[in-house]
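Listing of upload_18.cif; format and content: mmCIF, C-alpha atoms and all ligand atoms; chains and numbers go by the auth columns.
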```
data_run
loop_
_atom_site.group_PDB
_atom_site.id
_atom_site.type_symbol
_atom_site.label_atom_id
_atom_site.label_comp_id
_atom_site.label_asym_id
_atom_site.label_seq_id
_atom_site.Cartn_x
_atom_site.Cartn_y
_atom_site.Cartn_z
_atom_site.B_iso_or_equiv
_atom_site.auth_seq_id
_atom_site.auth_asym_id
ATOM 1 C CA MET A 1 -58.413 -11.722 1.651 0.00 1 A
ATOM 2 C CA GLU A 2 -55.445 -9.611 2.766 0.00 2 A
ATOM 3 C CA ASN A 3 -53.494 -7.745 0.118 0.00 3 A
ATOM 4 C CA ILE A 4 -49.825 -8.612 0.726 0.00 4 A
ATOM 5 C CA SER A 5 -46.751 -7.475 -1.219 0.00 5 A
ATOM 6 C CA GLY A 6 -42.977 -7.951 -1.025 0.00 6 A
ATOM 7 C CA LYS A 7 -40.631 -10.861 -1.689 0.00 7 A
ATOM 8 C CA ILE A 8 -38.302 -12.564 0.778 0.00 8 A
ATOM 9 C CA GLN A 9 -35.331 -14.555 -0.514 0.00 9 A
ATOM 10 C CA PHE A 10 -33.007 -16.717 1.530 0.00 10 A
ATOM 11 C CA LEU A 11 -31.092 -19.959 1.329 0.00 11 A
ATOM 12 C CA LEU A 12 -33.041 -22.895 2.663 0.00 12 A
ATOM 13 C CA GLY A 13 -30.187 -25.265 3.361 0.00 13 A
ATOM 14 C CA ASP A 14 -28.155 -24.705 0.217 0.00 14 A
ATOM 15 C CA LYS A 15 -30.950 -23.753 -2.203 0.00 15 A
ATOM 16 C CA ILE A 16 -32.320 -20.287 -2.906 0.00 16 A
ATOM 17 C CA HIS A 17 -35.883 -20.046 -1.604 0.00 17 A
ATOM 18 C CA SER A 18 -38.351 -17.257 -2.501 0.00 18 A
ATOM 19 C CA VAL A 19 -41.435 -16.336 -0.515 0.00 19 A
ATOM 20 C CA VAL A 20 -44.217 -14.074 -1.757 0.00 20 A
ATOM 21 C CA ASN A 21 -47.676 -13.343 -0.427 0.00 21 A
ATOM 22 C CA ILE A 22 -46.654 -13.874 3.148 0.00 22 A
ATOM 23 C CA ALA A 23 -47.782 -11.811 6.117 0.00 23 A
ATOM 24 C CA PRO A 24 -45.118 -9.482 7.593 0.00 24 A
ATOM 25 C CA TYR A 25 -45.696 -11.071 11.010 0.00 25 A
ATOM 26 C CA MET A 26 -45.059 -14.672 9.860 0.00 26 A
ATOM 27 C CA THR A 27 -42.534 -16.391 12.132 0.00 27 A
ATOM 28 C CA VAL A 28 -39.835 -18.781 10.941 0.00 28 A
ATOM 29 C CA LEU A 29 -41.382 -21.545 13.059 0.00 29 A
ATOM 30 C CA ASP A 30 -44.857 -21.206 11.575 0.00 30 A
ATOM 31 C CA TYR A 31 -43.409 -21.039 8.085 0.00 31 A
ATOM 32 C CA VAL A 32 -41.205 -24.134 8.294 0.00 32 A
ATOM 33 C CA ARG A 33 -43.800 -26.252 10.076 0.00 33 A
ATOM 34 C CA ASN A 34 -47.033 -25.130 8.414 0.00 34 A
ATOM 35 C CA TYR A 35 -45.930 -24.058 4.933 0.00 35 A
ATOM 36 C CA LEU A 36 -42.842 -26.188 4.263 0.00 36 A
ATOM 37 C CA LYS A 37 -44.109 -29.144 6.338 0.00 37 A
ATOM 38 C CA LEU A 38 -40.683 -29.461 7.942 0.00 38 A
ATOM 39 C CA SER A 39 -41.814 -30.765 11.303 0.00 39 A
ATOM 40 C CA GLY A 40 -38.366 -31.598 12.703 0.00 40 A
ATOM 41 C CA THR A 41 -38.314 -28.135 14.271 0.00 41 A
ATOM 42 C CA LYS A 42 -40.522 -28.458 17.364 0.00 42 A
ATOM 43 C CA GLU A 43 -42.889 -26.031 19.021 0.00 43 A
ATOM 44 C CA GLY A 44 -42.836 -25.974 22.799 0.00 44 A
ATOM 45 C CA CYS A 45 -43.509 -22.719 24.602 0.00 45 A
ATOM 46 C CA GLY A 46 -43.930 -20.571 21.494 0.00 46 A
ATOM 47 C CA SER A 47 -42.405 -17.627 23.338 0.00 47 A
ATOM 48 C CA GLY A 48 -38.628 -17.996 23.180 0.00 48 A
ATOM 49 C CA ASP A 49 -38.116 -19.829 26.467 0.00 49 A
ATOM 50 C CA CYS A 50 -37.565 -23.551 25.793 0.00 50 A
ATOM 51 C CA GLY A 51 -35.331 -23.867 22.703 0.00 51 A
ATOM 52 C CA ALA A 52 -37.369 -26.685 21.124 0.00 52 A
ATOM 53 C CA CYS A 53 -37.685 -24.591 17.968 0.00 53 A
ATOM 54 C CA THR A 54 -33.966 -23.802 17.562 0.00 54 A
ATOM 55 C CA VAL A 55 -32.736 -23.314 14.000 0.00 55 A
ATOM 56 C CA VAL A 56 -29.452 -21.949 12.685 0.00 56 A
ATOM 57 C CA ILE A 57 -29.010 -18.801 10.618 0.00 57 A
ATOM 58 C CA GLY A 58 -25.942 -18.185 8.481 0.00 58 A
ATOM 59 C CA GLU A 59 -25.011 -14.675 7.431 0.00 59 A
ATOM 60 C CA LEU A 60 -22.307 -13.177 5.255 0.00 60 A
ATOM 61 C CA VAL A 61 -20.346 -10.540 7.197 0.00 61 A
ATOM 62 C CA ASN A 62 -17.252 -9.033 5.566 0.00 62 A
ATOM 63 C CA GLU A 63 -17.001 -11.963 3.137 0.00 63 A
ATOM 64 C CA GLN A 64 -17.136 -14.473 5.987 0.00 64 A
ATOM 65 C CA LEU A 65 -19.944 -16.758 7.081 0.00 65 A
ATOM 66 C CA HIS A 66 -21.221 -16.268 10.619 0.00 66 A
ATOM 67 C CA TYR A 67 -23.613 -18.723 12.217 0.00 67 A
ATOM 68 C CA LYS A 68 -25.914 -18.372 15.194 0.00 68 A
ATOM 69 C CA SER A 69 -28.721 -20.417 16.679 0.00 69 A
ATOM 70 C CA VAL A 70 -32.058 -18.652 17.166 0.00 70 A
ATOM 71 C CA ASN A 71 -35.521 -19.439 18.449 0.00 71 A
ATOM 72 C CA ALA A 72 -37.655 -19.813 15.336 0.00 72 A
ATOM 73 C CA CYS A 73 -40.847 -19.031 17.280 0.00 73 A
ATOM 74 C CA ILE A 74 -39.802 -15.425 17.923 0.00 74 A
ATOM 75 C CA THR A 75 -37.896 -14.787 14.689 0.00 75 A
ATOM 76 C CA LEU A 76 -39.771 -13.135 11.847 0.00 76 A
ATOM 77 C CA LEU A 77 -39.429 -14.857 8.495 0.00 77 A
ATOM 78 C CA ALA A 78 -38.642 -11.544 6.802 0.00 78 A
ATOM 79 C CA THR A 79 -35.440 -11.203 8.856 0.00 79 A
ATOM 80 C CA LEU A 80 -34.044 -14.163 6.903 0.00 80 A
ATOM 81 C CA HIS A 81 -33.819 -12.094 3.732 0.00 81 A
ATOM 82 C CA GLY A 82 -30.330 -12.526 2.230 0.00 82 A
ATOM 83 C CA LYS A 83 -29.341 -15.130 4.834 0.00 83 A
ATOM 84 C CA GLN A 84 -29.180 -18.914 5.147 0.00 84 A
ATOM 85 C CA LEU A 85 -31.681 -20.923 7.161 0.00 85 A
ATOM 86 C CA ILE A 86 -30.579 -24.343 8.358 0.00 86 A
ATOM 87 C CA THR A 87 -33.111 -26.645 9.993 0.00 87 A
ATOM 88 C CA VAL A 88 -32.546 -30.084 11.453 0.00 88 A
ATOM 89 C CA GLU A 89 -33.700 -31.580 8.139 0.00 89 A
ATOM 90 C CA ASN A 90 -30.565 -30.161 6.501 0.00 90 A
ATOM 91 C CA LEU A 91 -28.233 -32.195 8.696 0.00 91 A
ATOM 92 C CA GLY A 92 -27.038 -35.651 7.743 0.00 92 A
ATOM 93 C CA ASP A 93 -28.596 -37.651 4.929 0.00 93 A
ATOM 94 C CA ASN A 94 -30.465 -40.903 4.439 0.00 94 A
ATOM 95 C CA ASN A 95 -27.302 -42.948 4.858 0.00 95 A
ATOM 96 C CA GLN A 96 -25.407 -41.129 7.546 0.00 96 A
ATOM 97 C CA LEU A 97 -26.135 -39.060 10.619 0.00 97 A
ATOM 98 C CA HIS A 98 -24.450 -35.708 10.956 0.00 98 A
ATOM 99 C CA PRO A 99 -21.525 -35.866 13.456 0.00 99 A
ATOM 100 C CA VAL A 100 -23.575 -33.835 15.966 0.00 100 A
ATOM 101 C CA GLN A 101 -26.465 -36.291 15.704 0.00 101 A
ATOM 102 C CA GLN A 102 -24.097 -39.248 15.930 0.00 102 A
ATOM 103 C CA ALA A 103 -22.531 -37.872 19.106 0.00 103 A
ATOM 104 C CA MET A 104 -26.011 -37.466 20.655 0.00 104 A
ATOM 105 C CA VAL A 105 -26.687 -41.138 19.869 0.00 105 A
ATOM 106 C CA ASP A 106 -23.294 -42.352 21.088 0.00 106 A
ATOM 107 C CA PHE A 107 -23.643 -40.600 24.454 0.00 107 A
ATOM 108 C CA ASN A 108 -27.320 -41.494 25.043 0.00 108 A
ATOM 109 C CA ALA A 109 -28.173 -37.803 25.122 0.00 109 A
ATOM 110 C CA SER A 110 -31.846 -38.152 24.253 0.00 110 A
ATOM 111 C CA GLN A 111 -34.834 -39.839 25.914 0.00 111 A
ATOM 112 C CA CYS A 112 -38.264 -38.556 24.873 0.00 112 A
ATOM 113 C CA GLY A 113 -36.544 -36.609 22.075 0.00 113 A
ATOM 114 C CA PHE A 114 -38.727 -33.529 22.099 0.00 114 A
ATOM 115 C CA CYS A 115 -35.857 -31.196 22.913 0.00 115 A
ATOM 116 C CA THR A 116 -33.359 -33.084 20.758 0.00 116 A
ATOM 117 C CA PRO A 117 -33.715 -31.310 17.370 0.00 117 A
ATOM 118 C CA GLY A 118 -33.270 -27.967 19.132 0.00 118 A
ATOM 119 C CA ILE A 119 -30.244 -29.172 21.067 0.00 119 A
ATOM 120 C CA VAL A 120 -28.729 -30.642 17.899 0.00 120 A
ATOM 121 C CA MET A 121 -29.103 -27.287 16.141 0.00 121 A
ATOM 122 C CA THR A 122 -27.574 -25.389 19.062 0.00 122 A
ATOM 123 C CA LEU A 123 -24.586 -27.740 19.026 0.00 123 A
ATOM 124 C CA TYR A 124 -24.376 -27.488 15.250 0.00 124 A
ATOM 125 C CA ALA A 125 -24.036 -23.687 15.499 0.00 125 A
ATOM 126 C CA LEU A 126 -21.499 -24.115 18.280 0.00 126 A
ATOM 127 C CA THR A 127 -19.282 -26.378 16.201 0.00 127 A
ATOM 128 C CA LYS A 128 -19.534 -23.964 13.271 0.00 128 A
ATOM 129 C CA ASN A 129 -18.119 -21.217 15.476 0.00 129 A
ATOM 130 C CA TYR A 130 -15.648 -23.145 17.625 0.00 130 A
ATOM 131 C CA TYR A 131 -13.279 -25.782 16.361 0.00 131 A
ATOM 132 C CA MET A 132 -12.840 -27.226 19.863 0.00 132 A
ATOM 133 C CA PRO A 133 -15.486 -25.713 22.169 0.00 133 A
ATOM 134 C CA SER A 134 -14.600 -25.687 25.870 0.00 134 A
ATOM 135 C CA LYS A 135 -16.987 -27.018 28.511 0.00 135 A
ATOM 136 C CA LYS A 136 -17.804 -23.438 29.461 0.00 136 A
ATOM 137 C CA GLN A 137 -18.635 -22.579 25.842 0.00 137 A
ATOM 138 C CA ILE A 138 -20.772 -25.722 25.523 0.00 138 A
ATOM 139 C CA CYS A 139 -22.723 -24.938 28.704 0.00 139 A
ATOM 140 C CA SER A 140 -23.126 -21.325 27.687 0.00 140 A
ATOM 141 C CA ALA A 141 -24.495 -22.354 24.260 0.00 141 A
ATOM 142 C CA LEU A 142 -27.033 -24.698 25.862 0.00 142 A
ATOM 143 C CA VAL A 143 -28.568 -22.208 28.320 0.00 143 A
ATOM 144 C CA GLY A 144 -31.571 -21.660 26.035 0.00 144 A
ATOM 145 C CA ASN A 145 -32.381 -25.350 25.520 0.00 145 A
ATOM 146 C CA LEU A 146 -34.571 -26.980 28.147 0.00 146 A
ATOM 147 C CA CYS A 147 -34.481 -30.752 28.592 0.00 147 A
ATOM 148 C CA ARG A 148 -36.871 -32.158 31.132 0.00 148 A
ATOM 149 C CA CYS A 149 -35.935 -35.843 31.038 0.00 149 A
ATOM 150 C CA THR A 150 -32.388 -36.675 29.913 0.00 150 A
ATOM 151 C CA GLY A 151 -30.627 -33.941 31.843 0.00 151 A
ATOM 152 C CA TYR A 152 -27.562 -32.160 30.626 0.00 152 A
ATOM 153 C CA ARG A 153 -24.546 -34.271 31.524 0.00 153 A
ATOM 154 C CA ALA A 154 -24.989 -36.620 28.564 0.00 154 A
ATOM 155 C CA VAL A 155 -25.619 -33.690 26.217 0.00 155 A
ATOM 156 C CA VAL A 156 -22.470 -31.894 27.362 0.00 156 A
ATOM 157 C CA ASP A 157 -20.470 -35.125 26.981 0.00 157 A
ATOM 158 C CA ALA A 158 -21.845 -35.536 23.456 0.00 158 A
ATOM 159 C CA ALA A 159 -20.936 -31.958 22.587 0.00 159 A
ATOM 160 C CA ALA A 160 -17.396 -32.418 23.839 0.00 160 A
ATOM 161 C CA ASN A 161 -16.925 -35.505 21.691 0.00 161 A
ATOM 162 C CA ILE A 162 -18.265 -34.482 18.303 0.00 162 A
ATOM 163 C CA GLY A 163 -15.985 -35.725 15.525 0.00 163 A
ATOM 164 C CA LYS A 164 -14.202 -32.393 15.158 0.00 164 A
ATOM 165 C CA GLN A 165 -11.974 -33.184 12.241 0.00 165 A
ATOM 166 C CA LYS A 166 -14.889 -34.539 10.257 0.00 166 A
ATOM 167 C CA MET A 167 -16.970 -31.485 11.087 0.00 167 A
ATOM 168 C CA TYR A 168 -14.152 -29.210 9.971 0.00 168 A
ATOM 169 C CA GLU A 169 -13.941 -30.947 6.600 0.00 169 A
ATOM 170 C CA ILE A 170 -17.691 -30.652 6.064 0.00 170 A
ATOM 171 C CA ASN A 171 -17.560 -26.926 6.841 0.00 171 A
ATOM 172 C CA ALA A 172 -14.660 -26.281 4.487 0.00 172 A
ATOM 173 C CA GLU A 173 -16.320 -28.068 1.592 0.00 173 A
ATOM 174 C CA HIS A 174 -19.535 -26.121 1.901 0.00 174 A
ATOM 175 C CA GLU A 175 -18.420 -22.659 2.839 0.00 175 A
ATOM 176 C CA PHE A 176 -17.280 -21.443 -0.569 0.00 176 A
ATOM 177 C CA PHE A 177 -20.430 -22.766 -2.220 0.00 177 A
ATOM 178 C CA ILE A 178 -22.715 -21.110 0.341 0.00 178 A
ATOM 179 C CA ILE A 179 -20.946 -17.741 0.103 0.00 179 A
ATOM 180 C CA ASN A 180 -21.446 -17.677 -3.668 0.00 180 A
ATOM 181 C CA LYS A 181 -25.079 -18.689 -3.335 0.00 181 A
ATOM 182 C CA LEU A 182 -25.756 -15.930 -0.816 0.00 182 A
ATOM 183 C CA LYS A 183 -24.234 -13.409 -3.198 0.00 183 A
ATOM 184 C CA GLU A 184 -26.802 -14.408 -5.826 0.00 184 A
ATOM 185 C CA ILE A 185 -29.533 -12.942 -3.602 0.00 185 A
ATOM 186 C CA ASP A 186 -30.158 -9.230 -3.902 0.00 186 A
ATOM 187 C CA SER A 187 -29.968 -8.437 -0.213 0.00 187 A
ATOM 188 C CA LYS A 188 -29.005 -4.785 -0.704 0.00 188 A
ATOM 189 C CA THR A 189 -32.494 -3.789 -1.790 0.00 189 A
ATOM 190 C CA VAL A 190 -34.559 -2.655 1.172 0.00 190 A
ATOM 191 C CA LEU A 191 -37.177 -5.253 1.982 0.00 191 A
ATOM 192 C CA HIS A 192 -40.609 -3.812 2.584 0.00 192 A
ATOM 193 C CA LEU A 193 -43.455 -6.194 3.248 0.00 193 A
ATOM 194 C CA THR A 194 -46.902 -4.759 3.555 0.00 194 A
ATOM 195 C CA SER A 195 -50.262 -6.195 4.329 0.00 195 A
ATOM 196 C CA ASP A 196 -53.527 -4.416 5.048 0.00 196 A
ATOM 197 C CA GLN A 197 -52.663 -3.860 8.700 0.00 197 A
ATOM 198 C CA ASN A 198 -48.951 -4.615 9.101 0.00 198 A
ATOM 199 C CA ASN A 199 -45.597 -3.573 7.684 0.00 199 A
ATOM 200 C CA PHE A 200 -42.097 -4.993 7.782 0.00 200 A
ATOM 201 C CA LEU A 201 -39.266 -2.658 6.808 0.00 201 A
ATOM 202 C CA ASN A 202 -35.625 -3.724 6.998 0.00 202 A
ATOM 203 C CA LEU A 203 -34.243 -0.708 8.848 0.00 203 A
ATOM 204 C CA LYS A 204 -30.804 -2.272 9.106 0.00 204 A
ATOM 205 C CA LEU A 205 -30.492 -2.067 5.334 0.00 205 A
ATOM 206 C CA LEU A 206 -31.670 1.529 5.380 0.00 206 A
ATOM 207 C CA ASP A 207 -28.865 2.361 7.835 0.00 207 A
ATOM 208 C CA SER A 208 -26.099 0.805 5.756 0.00 208 A
HETATM 209 S S1 LIG B . -41.007 -23.009 21.041 0.00 301 A
HETATM 210 FE FE1 LIG B . -39.989 -22.625 22.949 0.00 301 A
HETATM 211 S S2 LIG B . -38.409 -21.225 22.376 0.00 301 A
HETATM 212 FE FE2 LIG B . -39.553 -21.505 20.585 0.00 301 A
HETATM 213 S S1 LIG B . -35.005 -35.753 25.909 0.00 302 A
HETATM 214 FE FE1 LIG B . -36.993 -35.372 26.721 0.00 302 A
HETATM 215 S S2 LIG B . -37.021 -33.235 27.017 0.00 302 A
HETATM 216 FE FE2 LIG B . -34.999 -33.653 26.470 0.00 302 A
#
```
As structure tokens, how would this structure be written, given the file I've shared?
Ligand code: FES
Ligand code: FES
Amino acid sequence: MENISGKIQFLLGDKIHSVVNIAPYMTVLDYVRNYLKLSGTKEGCGSGDCGACTVVIGELVNEQLHYKSVNACITLLATLHGKQLITVENLGDNNQLHPVQQAMVDFNASQCGFCTPGIVMTLYALTKNYYMPSKKQICSALVGNLCRCTGYRAVVDAAANIGKQKMYEINAEHEFFIINKLKEIDSKTVLHLTSDQNNFLNLKLLDS
């Protein structure tokens, strides 16, 4: 049995989540699917090429939240320390689809559905960063998401017609809460994960 030390803390959705006894090389994709049993995030290529595993990471930079979509299959879990992880399970609720999901439905932007959670998360990050994304910004955001059956016209149409005002209200309600939650995590302490054969050291924190 490997001897593993170090603790990772991040927001999973809007709740603080702690991880101990985890290998330094654990990816976000393996963790959410195999440990958390959150299977909405899909595994396609496993090497950062298809976008099926797209999740969104929120980070506090100069007191402001910044969001980006990443490939969970090539992102180490330890890099989430002090950040927010949003998976497709965090969107919408039992009664109502998230506006991004609703737009995908309204514009028939999904067929087999395998790429859909990843595309939804890419568009979610896009609408977090742009109030009214242009077609160029939409197409640029989608370059990492492969869809082999629906094609992209319906997806781009969906992205251009997301209920923007509603999205803006959702963002405003949550932002203050998330910022305060992130501040509860001690992200200034250098994270050092060790196992018998591997190490993870947050060099970015050492620099700052
Ligand atoms: S599974 Fe294809 S990019 Fe991650
Ligand atoms: S809907 Fe089938 S791969 Fe995109």
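As for CA of Ser39 (chain A) and CA of Leu193 (chain A), they are spaced 25.9 Å apart.
One distance worth recording is that between CA of Thr87 (chain A) and CA of Lys15 (chain A), which is 12.7 Å.
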Check: Of the residues A:Met104, A:Ala172, A:Cys139, A:Val70, which is the one nearest to ligand LIG 302 (chain A), using only C-alpha atoms and all ligand atoms?
Finding: A:Met104
Next item on the list: Work out how far CA of Gly163 (chain A) is from CA of Ala141 (chain A), in Å to one decimal.
Entry: 18.1 Å
Next item on the list: Name every residue that the PyMOL selection byres (((not hetatm)) within 7 of (chain A and resi 302)) selects in this structure, writing the answer as a list in words with chains first and numbers rising.
Entry: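 For this structure, the PyMOL selection byres (((not hetatm)) within 7 of (chain A and resi 302)) resolves to Ser110, Gln111, Cys112, Gly113, Phe114, Cys115, Thr116, Leu146, Cys147, Arg148, Cys149, Thr150 and Gly151 of chain A.
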Notebook entry, point to check: Which protein, DNA or RNA residues have an atom within 8 Å of ligand LIG 301 (chain A), counting all atoms listed in the file, as a list of chain:residue names?
Noted result: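 Going residue by residue within 8 Å of ligand LIG 301 (chain A), we get A:Leu29, A:Lys42, A:Glu43, A:Gly44, A:Cys45, A:Gly46, A:Ser47, A:Gly48, A:Asp49, A:Cys50, A:Gly51, A:Ala52, A:Cys53, A:Thr54, A:Asn71, A:Ala72, A:Cys73, A:Ile74, A:Gly144, A:Asn145.
The residue that comes closest to Glu59 (chain A), out of A:Leu36, A:Val120, A:Ile86, A:Ala158 and on the basis of only C-alpha atoms, is A:Ile86.
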Can you write out as a tab-separated table which residues of region 39-138 of chain A fall within 12 Å of region 182-189 of chain A, alongside each residue's closest atom pair and its distance in Å to one decimal, counting only C-alpha atoms and ordering rows by chain and ascending residue number?
```
residue	atom	partner	partner_atom	distance
A:Gly58	CA	A:Leu182	CA	9.6
A:Glu59	CA	A:Leu182	CA	8.4
A:Leu60	CA	A:Leu182	CA	7.5
A:Val61	CA	A:Leu182	CA	11.1
A:Glu63	CA	A:Lys183	CA	9.7
A:Gln64	CA	A:Leu182	CA	11.1
A:Leu65	CA	A:Leu182	CA	9.8
A:Ala78	CA	A:Ser187	CA	11.6
A:Thr79	CA	A:Ser187	CA	10.9
A:Leu80	CA	A:Ser187	CA	10.0
A:His81	CA	A:Ser187	CA	6.6
A:Gly82	CA	A:Ser187	CA	4.8
A:Lys83	CA	A:Leu182	CA	6.7
A:Gln84	CA	A:Leu182	CA	7.5
A:Leu85	CA	A:Leu182	CA	11.1
```
Let me see the file: selected residues, C-alpha atoms, as a PDB file, in the coordinates of the input.
```pdb
ATOM      1  CA  GLY A  58     -25.942 -18.185   8.481  1.00  0.00           C
ATOM      2  CA  GLU A  59     -25.011 -14.675   7.431  1.00  0.00           C
ATOM      3  CA  LEU A  60     -22.307 -13.177   5.255  1.00  0.00           C
ATOM      4  CA  VAL A  61     -20.346 -10.540   7.197  1.00  0.00           C
ATOM      5  CA  GLU A  63     -17.001 -11.963   3.137  1.00  0.00           C
ATOM      6  CA  GLN A  64     -17.136 -14.473   5.987  1.00  0.00           C
ATOM      7  CA  LEU A  65     -19.944 -16.758   7.081  1.00  0.00           C
ATOM      8  CA  ALA A  78     -38.642 -11.544   6.802  1.00  0.00           C
ATOM      9  CA  THR A  79     -35.440 -11.203   8.856  1.00  0.00           C
ATOM     10  CA  LEU A  80     -34.044 -14.163   6.903  1.00  0.00           C
ATOM     11  CA  HIS A  81     -33.819 -12.094   3.732  1.00  0.00           C
ATOM     12  CA  GLY A  82     -30.330 -12.526   2.230  1.00  0.00           C
ATOM     13  CA  LYS A  83     -29.341 -15.130   4.834  1.00  0.00           C
ATOM     14  CA  GLN A  84     -29.180 -18.914   5.147  1.00  0.00           C
ATOM     15  CA  LEU A  85     -31.681 -20.923   7.161  1.00  0.00           C
TER      16      LEU A  85
END
```
Margin query: If we draw a sphere of 10 Å around (-22.3, -25.4, 27.0), which residues have at least one atom in it when counting only C-alpha atoms? Please report them as number ranges by chain.
Written below: A: 122-123, 126, 133-143, 152, 155-157, 159-160
Residue selection dump (C-alpha atoms) as a PDB file, in the coordinates of the input:
```
ATOM      1  CA  THR A 122     -27.574 -25.389  19.062  1.00  0.00           C
ATOM      2  CA  LEU A 123     -24.586 -27.740  19.026  1.00  0.00           C
ATOM      3  CA  LEU A 126     -21.499 -24.115  18.280  1.00  0.00           C
ATOM      4  CA  PRO A 133     -15.486 -25.713  22.169  1.00  0.00           C
ATOM      5  CA  SER A 134     -14.600 -25.687  25.870  1.00  0.00           C
ATOM      6  CA  LYS A 135     -16.987 -27.018  28.511  1.00  0.00           C
ATOM      7  CA  LYS A 136     -17.804 -23.438  29.461  1.00  0.00           C
ATOM      8  CA  GLN A 137     -18.635 -22.579  25.842  1.00  0.00           C
ATOM      9  CA  ILE A 138     -20.772 -25.722  25.523  1.00  0.00           C
ATOM     10  CA  CYS A 139     -22.723 -24.938  28.704  1.00  0.00           C
ATOM     11  CA  SER A 140     -23.126 -21.325  27.687  1.00  0.00           C
ATOM     12  CA  ALA A 141     -24.495 -22.354  24.260  1.00  0.00           C
ATOM     13  CA  LEU A 142     -27.033 -24.698  25.862  1.00  0.00           C
ATOM     14  CA  VAL A 143     -28.568 -22.208  28.320  1.00  0.00           C
ATOM     15  CA  TYR A 152     -27.562 -32.160  30.626  1.00  0.00           C
ATOM     16  CA  VAL A 155     -25.619 -33.690  26.217  1.00  0.00           C
ATOM     17  CA  VAL A 156     -22.470 -31.894  27.362  1.00  0.00           C
ATOM     18  CA  ASP A 157     -20.470 -35.125  26.981  1.00  0.00           C
ATOM     19  CA  ALA A 159     -20.936 -31.958  22.587  1.00  0.00           C
ATOM     20  CA  ALA A 160     -17.396 -32.418  23.839  1.00  0.00           C
TER      21      ALA A 160
END
```
Next item on the list: Would you mind telling me which residue in A:Val100, A:Val55, A:Val20, A:Leu76 lies nearest to Val88 (chain A) when using all atoms listed in the file?
Entry: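 Using all atoms listed in the file, Val88 (chain A) sits closest to A:Val55.
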Item checked: Given only C-alpha atoms as the counted atoms, nearest of A:Asn199, A:Asn21, A:Asn129, A:Asn95 to Ile8 (chain A) ->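 Of all the options, A:Asn21 lies closest to Ile8 (chain A).
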Margin query: Restricting the calculation to only C-alpha atoms: of A:Ile162, A:Ala125, A:Leu77, A:Ile178, which residue gets closest to Gln102 (chain A)?
Written below: A:Ile162
Checklist line | Pick from A:Ala154, A:Met121, A:Thr194, A:Lys181, whichever lies nearest to Asn108 (chain A) using all atoms listed in the file | finding: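 Once distances to Asn108 (chain A) are computed over all atoms listed in the file, the minimum belongs to A:Ala154.
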Got a moment to write region 134-168 of chain A out with C-alpha atoms, as a PDB file, in the first residue's frame?
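Everything below was put into part27.pdb:
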```
ATOM      1  CA  SER A 134     -19.902  36.922 -30.688  1.00  0.00           C
ATOM      2  CA  LYS A 135     -20.016  34.127 -33.259  1.00  0.00           C
ATOM      3  CA  LYS A 136     -16.233  34.284 -33.479  1.00  0.00           C
ATOM      4  CA  GLN A 137     -15.915  33.912 -29.699  1.00  0.00           C
ATOM      5  CA  ILE A 138     -18.388  31.008 -29.716  1.00  0.00           C
ATOM      6  CA  CYS A 139     -16.512  29.188 -32.491  1.00  0.00           C
ATOM      7  CA  SER A 140     -13.192  29.853 -30.822  1.00  0.00           C
ATOM      8  CA  ALA A 141     -14.480  28.433 -27.504  1.00  0.00           C
ATOM      9  CA  LEU A 142     -15.716  25.267 -29.221  1.00  0.00           C
ATOM     10  CA  VAL A 143     -12.478  24.355 -31.033  1.00  0.00           C
ATOM     11  CA  GLY A 144     -11.623  21.743 -28.390  1.00  0.00           C
ATOM     12  CA  ASN A 145     -14.999  19.971 -28.447  1.00  0.00           C
ATOM     13  CA  LEU A 146     -15.449  17.284 -31.079  1.00  0.00           C
ATOM     14  CA  CYS A 147     -18.950  16.303 -32.184  1.00  0.00           C
ATOM     15  CA  ARG A 148     -19.153  13.489 -34.669  1.00  0.00           C
ATOM     16  CA  CYS A 149     -22.899  13.373 -35.319  1.00  0.00           C
ATOM     17  CA  THR A 150     -24.834  16.604 -34.730  1.00  0.00           C
ATOM     18  CA  GLY A 151     -22.333  18.951 -36.323  1.00  0.00           C
ATOM     19  CA  TYR A 152     -21.692  22.447 -35.137  1.00  0.00           C
ATOM     20  CA  ARG A 153     -24.299  24.711 -36.697  1.00  0.00           C
ATOM     21  CA  ALA A 154     -26.985  23.790 -34.165  1.00  0.00           C
ATOM     22  CA  VAL A 155     -24.512  24.117 -31.288  1.00  0.00           C
ATOM     23  CA  VAL A 156     -23.414  27.577 -32.421  1.00  0.00           C
ATOM     24  CA  ASP A 157     -27.066  28.622 -32.820  1.00  0.00           C
ATOM     25  CA  ALA A 158     -27.787  27.372 -29.298  1.00  0.00           C
ATOM     26  CA  ALA A 159     -24.815  29.278 -27.915  1.00  0.00           C
ATOM     27  CA  ALA A 160     -25.930  32.483 -29.588  1.00  0.00           C
ATOM     28  CA  ASN A 161     -29.393  32.193 -28.074  1.00  0.00           C
ATOM     29  CA  ILE A 162     -28.741  31.365 -24.439  1.00  0.00           C
ATOM     30  CA  GLY A 163     -31.059  33.354 -22.173  1.00  0.00           C
ATOM     31  CA  LYS A 164     -28.449  36.005 -21.414  1.00  0.00           C
ATOM     32  CA  GLN A 165     -30.353  38.076 -18.927  1.00  0.00           C
ATOM     33  CA  LYS A 166     -31.261  35.006 -16.920  1.00  0.00           C
ATOM     34  CA  MET A 167     -27.667  33.812 -16.983  1.00  0.00           C
ATOM     35  CA  TYR A 168     -26.475  37.203 -15.783  1.00  0.00           C
TER      36      TYR A 168
END
```
